[in-house]
$ cat work-v4.csv   # CSV, C-alpha atoms and all ligand atoms
chain,number,residue,atom,x,y,z
A,24,MET,CA,75.1,35.5,60.6
A,25,GLN,CA,74.4,32.8,58.0
A,26,VAL,CA,72.9,34.2,54.8
A,27,ARG,CA,69.9,32.3,53.7
A,28,ARG,CA,67.9,32.6,50.5
A,29,ILE,CA,64.4,31.2,50.4
A,30,PRO,CA,62.8,31.6,46.9
A,31,LEU,CA,59.2,32.3,46.5
A,32,SER,CA,58.8,29.2,44.3
A,33,ARG,CA,61.0,26.5,42.7
A,34,PRO,CA,60.1,24.2,39.8
A,35,PHE,CA,60.3,20.4,40.1
A,36,ILE,CA,63.4,19.1,38.3
A,37,SER,CA,64.7,15.5,38.8
A,38,ASP,CA,66.9,12.9,37.1
A,39,GLU,CA,63.7,11.3,35.8
A,40,ILE,CA,63.0,14.6,34.0
A,41,ARG,CA,66.5,14.8,32.6
A,42,GLN,CA,66.2,11.2,31.3
A,43,ALA,CA,62.9,12.0,29.7
A,44,VAL,CA,64.3,15.0,27.9
A,45,LEU,CA,67.3,12.9,26.6
A,46,GLY,CA,64.9,10.2,25.4
A,47,VAL,CA,63.0,12.7,23.2
A,48,LEU,CA,66.3,14.0,21.7
A,49,ASP,CA,66.9,10.4,20.5
A,50,SER,CA,63.3,9.9,19.3
A,51,GLY,CA,63.6,12.2,16.2
A,52,ARG,CA,60.1,13.6,16.9
A,53,PHE,CA,59.8,17.2,18.2
A,54,ILE,CA,56.3,18.6,17.6
A,55,LEU,CA,52.9,17.1,18.3
A,56,GLY,CA,54.2,13.6,18.4
A,57,PRO,CA,53.6,10.6,20.7
A,58,GLN,CA,54.7,12.4,23.9
A,59,CYS,CA,52.1,15.2,23.2
A,60,GLN,CA,49.4,12.6,22.5
A,61,GLN,CA,50.2,10.7,25.7
A,62,PHE,CA,50.3,13.9,27.8
A,63,GLU,CA,46.9,14.9,26.4
A,64,ARG,CA,45.4,11.6,27.2
A,65,GLU,CA,46.9,11.7,30.7
A,66,LEU,CA,45.7,15.3,31.3
A,67,ALA,CA,42.2,14.5,30.2
A,68,GLN,CA,42.0,11.5,32.5
A,69,PHE,CA,43.6,13.5,35.4
A,70,ALA,CA,41.0,16.3,35.0
A,71,GLY,CA,38.1,13.9,34.4
A,72,ARG,CA,37.4,15.2,30.8
A,73,THR,CA,37.0,13.7,27.4
A,74,HIS,CA,39.5,16.0,25.6
A,75,ALA,CA,42.7,17.8,26.5
A,76,VAL,CA,44.3,19.9,23.8
A,77,LEU,CA,47.9,21.2,24.4
A,78,SER,CA,49.0,24.6,23.2
A,79,SER,CA,52.0,26.9,23.7
A,80,SER,CA,50.5,28.6,26.8
A,81,TRP,CA,47.3,29.1,28.8
A,82,THR,CA,46.8,32.4,27.0
A,83,ALA,CA,47.2,30.8,23.5
A,84,GLY,CA,44.9,27.9,24.4
A,85,VAL,CA,42.2,30.1,25.8
A,86,TYR,CA,42.4,32.4,22.8
A,87,LEU,CA,41.8,29.4,20.5
A,88,LEU,CA,39.0,28.2,22.8
A,89,HIS,CA,37.3,31.6,22.6
A,90,LEU,CA,37.5,31.4,18.8
A,91,ALA,CA,36.2,27.9,18.8
A,92,MET,CA,33.3,28.9,21.0
A,93,ASP,CA,32.6,31.9,18.7
A,94,LEU,CA,33.3,34.7,21.2
A,95,ARG,CA,32.5,37.9,19.3
A,96,PRO,CA,33.1,41.7,19.5
A,97,GLY,CA,30.8,43.3,22.1
A,98,ASP,CA,30.1,40.0,23.9
A,99,GLU,CA,30.4,40.4,27.7
A,100,VAL,CA,32.2,37.9,30.0
A,101,ILE,CA,31.9,38.0,33.8
A,102,VAL,CA,35.3,37.7,35.4
A,103,PRO,CA,37.1,38.6,38.6
A,104,SER,CA,39.5,41.6,38.4
A,105,HIS,CA,41.7,40.1,41.0
A,106,THR,CA,43.7,37.6,38.8
A,107,ALA,CA,46.6,37.5,36.4
A,108,PHE,CA,46.1,39.8,33.5
A,109,PRO,CA,46.3,36.9,31.0
A,110,SER,CA,42.9,35.7,32.4
A,111,ILE,CA,41.3,38.5,30.4
A,112,GLU,CA,43.8,38.9,27.5
A,113,PRO,CA,42.3,36.3,25.1
A,114,MET,CA,38.8,37.8,25.4
A,115,LEU,CA,40.2,41.3,24.7
A,116,HIS,CA,41.7,40.0,21.4
A,117,CYS,CA,38.2,38.7,20.4
A,118,GLY,CA,36.8,42.2,21.1
A,119,ALA,CA,34.8,40.9,24.0
A,120,HIS,CA,34.3,43.0,27.2
A,121,PRO,CA,35.4,41.8,30.6
A,122,VAL,CA,32.7,42.7,33.2
A,123,PHE,CA,34.5,42.6,36.5
A,124,VAL,CA,33.0,41.4,39.8
A,125,ASP,CA,34.5,41.6,43.3
A,126,ILE,CA,36.0,38.8,45.3
A,127,ASP,CA,34.9,37.1,48.5
A,128,ASP,CA,37.2,36.2,51.4
A,129,THR,CA,38.7,33.2,49.4
A,130,TYR,CA,40.0,35.8,46.8
A,131,CYS,CA,37.9,34.1,44.2
A,132,MET,CA,34.9,35.7,42.4
A,133,ASP,CA,32.0,36.3,44.8
A,134,PRO,CA,29.1,34.3,43.2
A,135,GLU,CA,26.6,36.6,45.0
A,136,LEU,CA,27.6,39.4,42.7
A,137,ILE,CA,27.3,37.6,39.3
A,138,GLU,CA,23.6,37.9,38.7
A,139,ALA,CA,23.6,41.8,39.0
A,140,ALA,CA,26.4,41.9,36.4
A,141,ILE,CA,24.5,39.9,33.7
A,142,THR,CA,23.1,41.9,30.8
A,143,PRO,CA,21.6,40.8,27.4
A,144,ARG,CA,25.1,40.8,26.0
A,145,THR,CA,26.6,38.4,28.6
A,146,VAL,CA,27.7,35.1,27.0
A,147,GLY,CA,29.9,33.5,29.7
A,148,ILE,CA,31.5,33.5,33.1
A,149,LEU,CA,35.2,32.9,33.6
A,150,PRO,CA,35.9,32.0,37.3
A,151,VAL,CA,39.6,31.8,38.4
A,152,HIS,CA,40.7,29.2,41.0
A,153,LEU,CA,43.1,31.7,42.4
A,154,TYR,CA,46.1,30.7,44.6
A,155,GLY,CA,45.0,27.0,44.2
A,156,HIS,CA,41.6,27.5,46.0
A,157,PRO,CA,38.6,26.5,43.9
A,158,ALA,CA,35.9,29.1,43.1
A,159,ASP,CA,32.4,28.2,44.2
A,160,LEU,CA,31.5,26.3,41.1
A,161,ASP,CA,28.1,24.8,41.9
A,162,HIS,CA,26.8,28.3,42.6
A,163,ILE,CA,28.4,29.7,39.4
A,164,ILE,CA,27.2,26.9,37.2
A,165,GLU,CA,23.7,27.2,38.5
A,166,ILE,CA,23.5,30.9,37.6
A,167,ALA,CA,25.1,30.1,34.2
A,168,ARG,CA,22.5,27.4,33.5
A,169,ARG,CA,19.6,29.7,34.3
A,170,HIS,CA,21.0,32.4,32.0
A,171,ASN,CA,22.2,30.1,29.3
A,172,LEU,CA,25.9,31.1,29.7
A,173,TRP,CA,29.1,29.1,29.2
A,174,VAL,CA,31.6,28.7,32.1
A,175,ILE,CA,35.4,28.5,31.4
A,176,GLU,CA,37.4,27.6,34.5
A,177,ASP,CA,40.8,29.3,34.8
A,178,CYS,CA,42.8,26.4,36.4
A,179,ALA,CA,46.2,28.0,35.8
A,180,GLN,CA,46.9,28.0,39.6
A,181,ALA,CA,44.9,24.9,40.6
A,182,HIS,CA,46.1,21.6,39.0
A,183,GLY,CA,44.8,18.9,41.3
A,184,ALA,CA,42.5,21.1,43.5
A,185,LEU,CA,39.1,19.6,44.3
A,186,TYR,CA,35.7,21.2,44.5
A,187,ARG,CA,33.5,19.0,46.6
A,188,ASN,CA,35.8,16.1,45.7
A,189,ARG,CA,35.6,16.7,42.0
A,190,PRO,CA,38.8,17.9,40.2
A,191,VAL,CA,38.7,21.6,39.1
A,192,GLY,CA,38.7,21.7,35.3
A,193,SER,CA,36.0,18.9,35.1
A,194,ILE,CA,33.0,21.1,35.9
A,195,GLY,CA,32.7,24.1,33.5
A,196,THR,CA,31.9,24.0,29.8
A,197,ALA,CA,35.7,24.1,29.3
A,198,ALA,CA,38.8,24.8,31.4
A,199,ALA,CA,42.5,25.5,30.9
A,200,PHE,CA,45.8,24.8,32.7
A,201,SER,CA,49.1,26.7,32.4
A,202,PHE,CA,52.4,24.9,32.7
A,203,TYR,CA,54.6,28.1,33.3
A,204,PRO,CA,57.6,27.3,35.5
A,205,SER,CA,56.1,28.6,38.8
A,206,LYS,CA,52.8,26.6,38.4
A,207,ASN,CA,52.0,23.5,40.4
A,208,LEU,CA,52.5,21.5,37.2
A,209,THR,CA,55.2,22.8,34.9
A,210,VAL,CA,56.9,21.9,31.6
A,211,LEU,CA,59.9,24.0,32.4
A,212,GLY,CA,59.0,26.6,29.9
A,213,ASP,CA,55.7,27.9,28.5
A,214,GLY,CA,52.8,25.6,27.9
A,215,GLY,CA,49.1,25.2,28.4
A,216,CYS,CA,46.1,23.0,27.7
A,217,VAL,CA,42.4,23.3,27.1
A,218,LEU,CA,40.0,20.8,28.6
A,219,THR,CA,36.4,20.0,27.5
A,220,ASP,CA,33.9,17.2,26.9
A,221,ASP,CA,32.7,18.9,23.7
A,222,SER,CA,34.2,17.1,20.8
A,223,ALA,CA,33.4,19.9,18.3
A,224,ILE,CA,35.1,22.5,20.4
A,225,ALA,CA,38.2,20.3,21.0
A,226,GLU,CA,38.4,19.6,17.3
A,227,ARG,CA,38.3,23.3,16.3
A,228,VAL,CA,41.0,24.1,18.9
A,229,ARG,CA,43.2,21.3,17.5
A,230,MET,CA,42.7,22.7,14.0
A,231,LEU,CA,43.3,26.3,14.9
A,232,ARG,CA,46.5,25.6,16.8
A,233,ASP,CA,48.0,23.9,13.7
A,234,HIS,CA,47.4,26.2,10.7
A,235,GLY,CA,43.7,25.3,10.4
A,236,ARG,CA,44.2,21.8,9.2
A,237,ARG,CA,43.3,18.3,10.1
A,238,SER,CA,45.3,16.6,7.4
A,239,LYS,CA,48.7,17.7,6.3
A,240,TYR,CA,48.0,19.7,3.1
A,241,THR,CA,44.3,20.7,3.5
A,242,HIS,CA,43.8,24.0,5.4
A,243,GLU,CA,40.1,24.3,6.2
A,244,VAL,CA,40.3,27.7,8.0
A,245,PRO,CA,43.2,30.1,8.6
A,246,GLY,CA,44.8,29.0,11.8
A,247,PHE,CA,47.9,29.7,13.8
A,248,ASN,CA,51.1,28.0,14.9
A,249,LEU,CA,50.4,27.6,18.6
A,250,ARG,CA,51.4,24.0,18.9
A,251,PHE,CA,53.2,22.1,21.6
A,252,ASN,CA,56.4,20.2,21.6
A,253,GLU,CA,57.7,16.7,22.5
A,254,ILE,CA,60.5,17.7,24.9
A,255,GLN,CA,58.1,19.7,27.1
A,256,ALA,CA,55.4,17.1,26.9
A,257,ALA,CA,57.9,14.5,28.2
A,258,VAL,CA,58.8,16.8,31.1
A,259,GLY,CA,55.1,17.4,31.9
A,260,ARG,CA,54.3,13.7,31.9
A,261,VAL,CA,56.9,13.1,34.6
A,262,GLY,CA,55.6,16.1,36.6
A,263,LEU,CA,52.0,14.9,36.4
A,264,ARG,CA,53.1,11.6,37.9
A,265,HIS,CA,54.6,13.5,40.8
A,266,LEU,CA,51.9,16.2,41.1
A,267,ALA,CA,50.0,14.5,44.0
A,268,GLU,CA,53.1,14.4,46.2
A,269,LEU,CA,54.2,17.9,45.2
A,270,ASN,CA,50.7,19.2,46.1
A,271,ALA,CA,50.8,17.3,49.4
A,272,GLY,CA,54.1,19.1,50.1
A,273,ARG,CA,52.4,22.5,49.4
A,274,ARG,CA,49.5,21.5,51.7
A,275,ALA,CA,51.9,20.5,54.5
A,276,ALA,CA,53.8,23.8,54.2
A,277,ALA,CA,50.4,25.7,54.3
A,278,ALA,CA,49.4,23.8,57.4
A,279,ARG,CA,52.7,24.7,59.1
A,280,TYR,CA,52.3,28.4,58.2
A,281,ARG,CA,48.8,28.3,59.6
A,282,GLU,CA,50.0,26.8,62.8
A,283,ARG,CA,52.9,29.2,63.2
A,284,LEU,CA,51.2,32.4,62.1
A,285,ALA,CA,47.7,32.1,63.6
A,286,GLY,CA,47.0,35.4,65.4
A,287,VAL,CA,50.1,37.0,64.0
A,288,VAL,CA,48.9,37.9,60.4
A,289,GLU,CA,45.7,37.4,58.5
A,290,LEU,CA,45.7,33.9,57.0
A,291,PRO,CA,44.0,32.7,53.8
A,292,GLN,CA,40.5,31.2,54.1
A,293,GLN,CA,39.8,27.7,53.1
A,294,ARG,CA,36.2,26.6,52.5
A,295,GLN,CA,35.2,23.3,54.0
A,296,TRP,CA,34.2,22.0,50.5
A,297,ALA,CA,37.6,22.9,49.1
A,298,THR,CA,40.8,20.9,48.7
A,299,ALA,CA,43.2,23.7,47.9
A,300,VAL,CA,46.6,23.1,46.4
A,301,TYR,CA,48.3,26.3,47.6
A,302,HIS,CA,49.8,27.6,44.4
A,303,MET,CA,50.4,30.7,46.6
A,304,PHE,CA,50.2,31.1,50.4
A,305,VAL,CA,48.9,34.6,50.7
A,306,ILE,CA,48.8,36.5,54.0
A,307,ARG,CA,47.6,40.0,54.7
A,308,HIS,CA,49.2,42.7,56.7
A,309,PRO,CA,48.3,46.4,57.0
A,310,ARG,CA,52.1,47.2,56.7
A,311,ARG,CA,52.7,44.8,53.9
A,312,ASP,CA,55.5,46.8,52.2
A,313,GLU,CA,57.5,47.1,55.4
A,314,LEU,CA,57.0,43.4,56.1
A,315,ALA,CA,58.2,42.5,52.6
A,316,LYS,CA,61.3,44.6,53.0
A,317,PHE,CA,62.0,43.1,56.4
A,318,LEU,CA,61.7,39.6,54.9
A,319,HIS,CA,63.9,40.5,51.9
A,320,GLU,CA,66.7,41.7,54.2
A,321,ARG,CA,66.6,38.2,55.8
A,322,GLY,CA,66.8,36.4,52.4
A,323,VAL,CA,63.1,35.6,52.1
A,324,GLU,CA,61.6,36.3,48.7
A,325,THR,CA,58.0,37.3,48.6
A,326,GLY,CA,55.6,38.5,45.9
A,327,ILE,CA,52.4,40.4,45.4
A,328,HIS,CA,49.8,38.6,43.3
A,329,TYR,CA,48.8,41.0,41.9
A,330,PRO,CA,49.6,44.7,42.8
A,331,ILE,CA,47.4,46.3,40.1
A,332,PRO,CA,43.9,44.8,39.7
A,333,ASN,CA,42.9,44.3,36.1
A,334,HIS,CA,40.1,46.9,36.2
A,335,GLN,CA,42.8,49.5,36.9
A,336,GLN,CA,45.3,48.3,34.3
A,337,PRO,CA,46.1,50.9,31.6
A,338,ALA,CA,45.1,48.4,28.9
A,339,ILE,CA,41.6,48.4,30.4
A,340,THR,CA,41.1,52.0,31.6
A,341,ALA,CA,42.2,53.3,28.1
A,342,ARG,CA,39.5,51.1,26.4
A,343,PHE,CA,36.5,51.1,28.6
A,344,ARG,CA,34.8,54.1,30.1
A,345,LYS,CA,32.4,52.7,32.7
A,346,ILE,CA,34.4,50.7,35.2
A,347,PRO,CA,32.8,50.1,38.6
A,348,ALA,CA,34.8,50.3,41.8
A,349,LEU,CA,35.6,46.9,43.4
A,350,PRO,CA,36.2,47.8,47.1
A,351,ARG,CA,37.3,44.3,48.3
A,352,THR,CA,39.7,43.8,45.4
A,353,GLU,CA,41.2,47.3,45.9
A,354,GLN,CA,41.6,46.8,49.6
A,355,ALA,CA,43.2,43.3,49.1
A,356,VAL,CA,45.9,44.5,46.7
A,357,ARG,CA,47.2,46.9,49.3
A,358,GLU,CA,47.6,44.2,52.0
A,359,ILE,CA,48.4,40.8,50.3
A,360,LEU,CA,51.8,39.2,50.5
A,361,SER,CA,52.7,35.8,48.9
A,362,LEU,CA,55.1,33.8,51.1
A,363,PRO,CA,57.5,31.1,49.7
A,364,ILE,CA,55.8,27.9,48.9
A,365,HIS,CA,56.4,25.0,46.4
A,366,GLY,CA,56.2,21.3,46.3
A,367,GLN,CA,59.5,20.6,47.9
A,368,ILE,CA,59.8,23.4,50.4
A,369,SER,CA,61.0,22.0,53.8
A,370,LEU,CA,59.1,22.7,57.1
A,371,GLU,CA,62.4,24.1,58.4
A,372,GLU,CA,62.3,26.7,55.6
A,373,VAL,CA,58.7,27.5,56.5
A,374,ASP,CA,59.7,27.8,60.2
A,375,TYR,CA,62.5,30.3,59.2
A,376,VAL,CA,60.0,32.4,57.3
A,377,SER,CA,57.5,32.2,60.1
A,378,ASP,CA,60.1,33.2,62.7
A,379,CYS,CA,61.0,36.3,60.6
A,380,ILE,CA,57.3,37.3,60.4
A,381,ILE,CA,56.8,36.7,64.2
A,382,GLU,CA,59.9,38.9,64.8
A,383,PHE,CA,58.5,41.7,62.6
A,384,ALA,CA,55.1,41.5,64.3
A,385,GLY,CA,56.8,41.6,67.8
A,386,ARG,CA,58.7,44.8,66.8
A,387,ASN,CA,55.7,46.6,65.3
A,401,LIG,C1,49.7,32.0,34.8
A,401,LIG,C2,48.3,32.3,34.7
A,401,LIG,C3,47.7,32.5,33.4
A,401,LIG,C4,48.5,32.5,32.1
A,401,LIG,O1,49.2,31.4,31.8
A,401,LIG,P1,50.3,31.4,30.6
A,401,LIG,O2,50.5,29.9,30.5
A,401,LIG,O3,51.4,32.1,31.2
A,401,LIG,O4,49.6,32.0,29.5
A,401,LIG,C5,46.3,32.7,33.4
A,401,LIG,N1,45.6,32.8,34.5
A,401,LIG,C6,46.2,32.7,35.7
A,401,LIG,C7,45.3,32.7,36.9
A,401,LIG,C8,47.5,32.5,35.8
A,401,LIG,O5,48.1,32.4,37.1

$ encode --input "work-v4.csv" --output "structure tokens"
Amino acid sequence: MQVRRIPLSRPFISDEIRQAVLGVLDSGRFILGPQCQQFERELAQFAGRTHAVLSSSWTAGVYLLHLAMDLRPGDEVIVPSHTAFPSIEPMLHCGAHPVFVDIDDTYCMDPELIEAAITPRTVGILPVHLYGHPADLDHIIEIARRHNLWVIEDCAQAHGALYRNRPVGSIGTAAAFSFYPSKNLTVLGDGGCVLTDDSAIAERVRMLRDHGRRSKYTHEVPGFNLRFNEIQAAVGRVGLRHLAELNAGRRAAAARYRERLAGVVELPQQRQWATAVYHMFVIRHPRRDELAKFLHERGVETGIHYPIPNHQQPAITARFRKIPALPRTEQAVREILSLPIHGQISLEEVDYVSDCIIEFAGRN
């Protein structure tokens, strides 16, 4: 039997990227130079925003964003529990409290549950466009307006996704991308960027990421070194030019999985107003662990995003006493399984994975 290995994800690397890296080596500029400035302009334009500010990761950028927006100890932020832990890490460092709400069948925060979670201490809502499917932003923004709250969109898994034909990241008070290697757009290392139309917020994030200064030797506030670098900006610029075709590759793979696996496993929902970019293709199965093992034995790598919801993480349960149950989240984490998907996966690979799943279903 031929041994195959199908990875869960694979970053986009090309000769154009290799050339771009070599070009920077010869430029003599390494940090916050012309590549970073161009990448910021291109990202802002891509996301339909006035400002994009690069930082060393999503987590770093959003921490600076929270500081710039004056998030304070005891402030409450409404957030889904079913997301990567970093979604809530920056607010914890500000002393703010995440107030968790359950998900709907798209795995994003259920907007119907937000209003009941609002208290006099609530300052903002942080929806996550999980797995590349947009959260229901109009609904969320309407609630935020009524209660005078900000909205920060977590776009770490959704570069290029559309909500009612508008790019995600263009709609909230601010938003942030991650460029970690598995994401739809990567810089082949860590990286992130904050997006907003608010010039004062953008300016403060820019200052904070670079030692609290705007000019070389005048430090207006104590800041950090959470800057970005030229080599990775050059990589990201090439990736951004290819993002549409890579997302199309993900959507084609998702369509094939849907065709092959309909009636075999539970498939992800896609709202009619959503253009999803399938950062993950997440199925559900009551015997998820057995299915994962079966696929592993056939060379198919799978993942669970995420096995422990944030409201049950030790970092949370040790700090906060009253944590409500989230039945849909708790059920989902027992059944979800992420299948291989990336911008260059072939339909033949998707068929192989699908055949293995159909074989498992037939035996069980
Ligand atoms: C990856 C990810 C983050 C964190 O991004 P980093 O760049 O690794 O800090 C935040 N939120 C979500 C939903 C993510 O998937």

$ closest_residue --input "work-v4.csv" --among "A:Arg321, A:Arg264, A:Lys206, A:His334" --to "ligand LIG 401 (chain A)" --atoms "all atoms listed in the file"
A:Lys206

$ closest_atom_pairs --input "work-v4.csv" --of "chain A" --to "ligand LIG 401 (chain A)" --cutoff "8 Å" --atoms "only C-alpha atoms and all ligand atoms" --output "tab-separated table"
residue	atom	partner	partner_atom	distance
A:Ser79	CA	A:LIG401	O2	7.6
A:Ser80	CA	A:LIG401	O2	3.9
A:Trp81	CA	A:LIG401	O2	3.7
A:Thr82	CA	A:LIG401	O4	3.8
A:Ala83	CA	A:LIG401	O4	6.6
A:Thr106	CA	A:LIG401	C7	5.5
A:Ala107	CA	A:LIG401	C6	4.9
A:Phe108	CA	A:LIG401	N1	7.1
A:Pro109	CA	A:LIG401	C5	4.8
A:Ser110	CA	A:LIG401	N1	4.5
A:Val151	CA	A:LIG401	C7	6.0
A:His152	CA	A:LIG401	C7	7.1
A:Leu153	CA	A:LIG401	C7	6.0
A:Tyr154	CA	A:LIG401	O5	7.9
A:Asp177	CA	A:LIG401	N1	5.9
A:Cys178	CA	A:LIG401	C7	6.8
A:Ala179	CA	A:LIG401	C8	4.7
A:Gln180	CA	A:LIG401	O5	5.2
A:Phe200	CA	A:LIG401	O2	7.3
A:Ser201	CA	A:LIG401	O2	4.0
A:Phe202	CA	A:LIG401	O2	5.8
A:Tyr203	CA	A:LIG401	O2	5.3
A:Lys206	CA	A:LIG401	C1	7.2
A:Asp213	CA	A:LIG401	O2	5.9
A:Gly214	CA	A:LIG401	O2	5.5
A:Gly215	CA	A:LIG401	O2	5.3

$ atom_distance --input "work-v4.csv" --atom1 "CA of Tyr301 (chain A)" --atom2 "CA of Gln61 (chain A)"
27.0 Å

$ residues_around --input "work-v4.csv" --residues "Val100 (chain A)" --least-positions-apart "2" --cutoff "10 Å" --atoms "all atoms listed in the file" --output "list in words"
Leu94, Gly97, Asp98, Val102, Pro103, Ile111, Met114, Ala119, His120, Pro121, Val122, Phe123, Ala140, Ile141, Thr142, Arg144, Thr145, Val146, Gly147, Ile148, Leu149, Leu172, Trp173 and Val174 of chain A

$ closest_residue --input "work-v4.csv" --among "A:Glu226, A:Gly118, A:His170, A:Ala198" --to "Arg342 (chain A)" --atoms "all atoms listed in the file"
A:Gly118

$ residues_around --input "work-v4.csv" --residues "region 286-295 of chain A" --least-positions-apart "4" --cutoff "9 Å" --atoms "all atoms listed in the file" --output "mmCIF file with C-alpha atoms, in the coordinates of the input"
data_model
loop_
_atom_site.group_PDB
_atom_site.id
_atom_site.type_symbol
_atom_site.label_atom_id
_atom_site.label_comp_id
_atom_site.auth_asym_id
_atom_site.auth_seq_id
_atom_site.Cartn_x
_atom_site.Cartn_y
_atom_site.Cartn_z
ATOM 1 C CA ASP A 128 37.200 36.200 51.400
ATOM 2 C CA THR A 129 38.700 33.200 49.400
ATOM 3 C CA TYR A 130 40.000 35.800 46.800
ATOM 4 C CA HIS A 156 41.600 27.500 46.000
ATOM 5 C CA PRO A 157 38.600 26.500 43.900
ATOM 6 C CA ARG A 187 33.500 19.000 46.600
ATOM 7 C CA TYR A 280 52.300 28.400 58.200
ATOM 8 C CA ARG A 281 48.800 28.300 59.600
ATOM 9 C CA ALA A 299 43.200 23.700 47.900
ATOM 10 C CA PHE A 304 50.200 31.100 50.400
ATOM 11 C CA VAL A 305 48.900 34.600 50.700
ATOM 12 C CA ILE A 306 48.800 36.500 54.000
ATOM 13 C CA ARG A 307 47.600 40.000 54.700
ATOM 14 C CA HIS A 308 49.200 42.700 56.700
ATOM 15 C CA ILE A 380 57.300 37.300 60.400
ATOM 16 C CA ILE A 381 56.800 36.700 64.200
ATOM 17 C CA ALA A 384 55.100 41.500 64.300
ATOM 18 C CA GLY A 385 56.800 41.600 67.800
#

$ residues_around --input "work-v4.csv" --residues "Asp38 (chain A)" --least-positions-apart "4" --cutoff "12 Å" --atoms "all atoms listed in the file" --output "list of chain:residue names"
A:Gln42, A:Ala43, A:Val44, A:Leu45, A:Val258, A:Val261, A:Gly262

$ residues_around --input "work-v4.csv" --residues "Gly259 (chain A)" --least-positions-apart "6" --cutoff "10 Å" --atoms "only C-alpha atoms" --output "PyMOL selection string"
chain A and resi 40+43+58-59+62+66+202+208-211+214+253+265-266

$ write_last_selection --input "work-v4.csv" --atoms "C-alpha atoms" --output "mmCIF file, keeping the file's coordinate frame"
data_model
loop_
_atom_site.group_PDB
_atom_site.id
_atom_site.type_symbol
_atom_site.label_atom_id
_atom_site.label_comp_id
_atom_site.auth_asym_id
_atom_site.auth_seq_id
_atom_site.Cartn_x
_atom_site.Cartn_y
_atom_site.Cartn_z
ATOM 1 C CA ILE A 40 63.000 14.600 34.000
ATOM 2 C CA ALA A 43 62.900 12.000 29.700
ATOM 3 C CA GLN A 58 54.700 12.400 23.900
ATOM 4 C CA CYS A 59 52.100 15.200 23.200
ATOM 5 C CA PHE A 62 50.300 13.900 27.800
ATOM 6 C CA LEU A 66 45.700 15.300 31.300
ATOM 7 C CA PHE A 202 52.400 24.900 32.700
ATOM 8 C CA LEU A 208 52.500 21.500 37.200
ATOM 9 C CA THR A 209 55.200 22.800 34.900
ATOM 10 C CA VAL A 210 56.900 21.900 31.600
ATOM 11 C CA LEU A 211 59.900 24.000 32.400
ATOM 12 C CA GLY A 214 52.800 25.600 27.900
ATOM 13 C CA GLU A 253 57.700 16.700 22.500
ATOM 14 C CA HIS A 265 54.600 13.500 40.800
ATOM 15 C CA LEU A 266 51.900 16.200 41.100
#

$ closest_residue --input "work-v4.csv" --among "A:Gly46, A:Gly322, A:Thr73, A:Ala355" --to "Ser193 (chain A)" --atoms "all atoms listed in the file"
A:Thr73

$ atom_distance --input "work-v4.csv" --atom1 "CA of Val217 (chain A)" --atom2 "CA of His182 (chain A)"
12.6 Å

$ closest_residue --input "work-v4.csv" --among "A:Arg189, A:Val47, A:Leu115, A:Ser377" --to "Ile339 (chain A)" --atoms "all atoms listed in the file"
A:Leu115

$ closest_residue --input "work-v4.csv" --among "A:Ser104, A:Asn188, A:Thr219, A:Ser205" --to "Val85 (chain A)" --atoms "only C-alpha atoms"
A:Thr219

$ closest_residue --input "work-v4.csv" --among "A:Asn252, A:Thr325, A:Asn270, A:Gln336" --to "Phe53 (chain A)" --atoms "only C-alpha atoms"
A:Asn252

$ atom_distance --input "work-v4.csv" --atom1 "CA of His74 (chain A)" --atom2 "CA of Ala91 (chain A)"
14.1 Å

$ residues_around --input "work-v4.csv" --residues "Arg64 (chain A)" --least-positions-apart "3" --cutoff "12 Å" --atoms "only C-alpha atoms" --output "PyMOL selection string"
chain A and resi 57-61+67-77+216+218+256+260+263

$ decode --input "work-v4.csv" --residues "region 53-61 of chain A" --atoms "N, CA and C atoms" --output "short mmCIF file (atom, residue, chain, number, x, y, z; two decimals), in the first residue's frame"
data_model
loop_
_atom_site.label_atom_id
_atom_site.label_comp_id
_atom_site.auth_asym_id
_atom_site.auth_seq_id
_atom_site.Cartn_x
_atom_site.Cartn_y
_atom_site.Cartn_z
N PHE A 53 15.75 46.68 7.51
CA PHE A 53 15.26 45.45 8.13
C PHE A 53 14.01 45.61 8.99
N ILE A 54 13.80 46.80 9.57
CA ILE A 54 12.66 46.99 10.48
C ILE A 54 11.89 48.25 10.08
N LEU A 55 10.54 48.12 9.99
CA LEU A 55 9.66 49.26 9.69
C LEU A 55 10.21 50.16 8.59
N GLY A 56 10.56 49.55 7.49
CA GLY A 56 11.05 50.30 6.32
C GLY A 56 10.00 50.36 5.23
N PRO A 57 10.44 50.54 3.99
CA PRO A 57 9.48 50.70 2.88
C PRO A 57 8.59 49.49 2.62
N GLN A 58 9.08 48.26 2.87
CA GLN A 58 8.23 47.08 2.67
C GLN A 58 7.07 47.10 3.67
N CYS A 59 7.37 47.45 4.91
CA CYS A 59 6.32 47.52 5.93
C CYS A 59 5.31 48.60 5.57
N GLN A 60 5.81 49.76 5.13
CA GLN A 60 4.89 50.85 4.78
C GLN A 60 3.98 50.46 3.62
N GLN A 61 4.57 49.81 2.61
CA GLN A 61 3.76 49.37 1.46
C GLN A 61 2.75 48.31 1.89
#
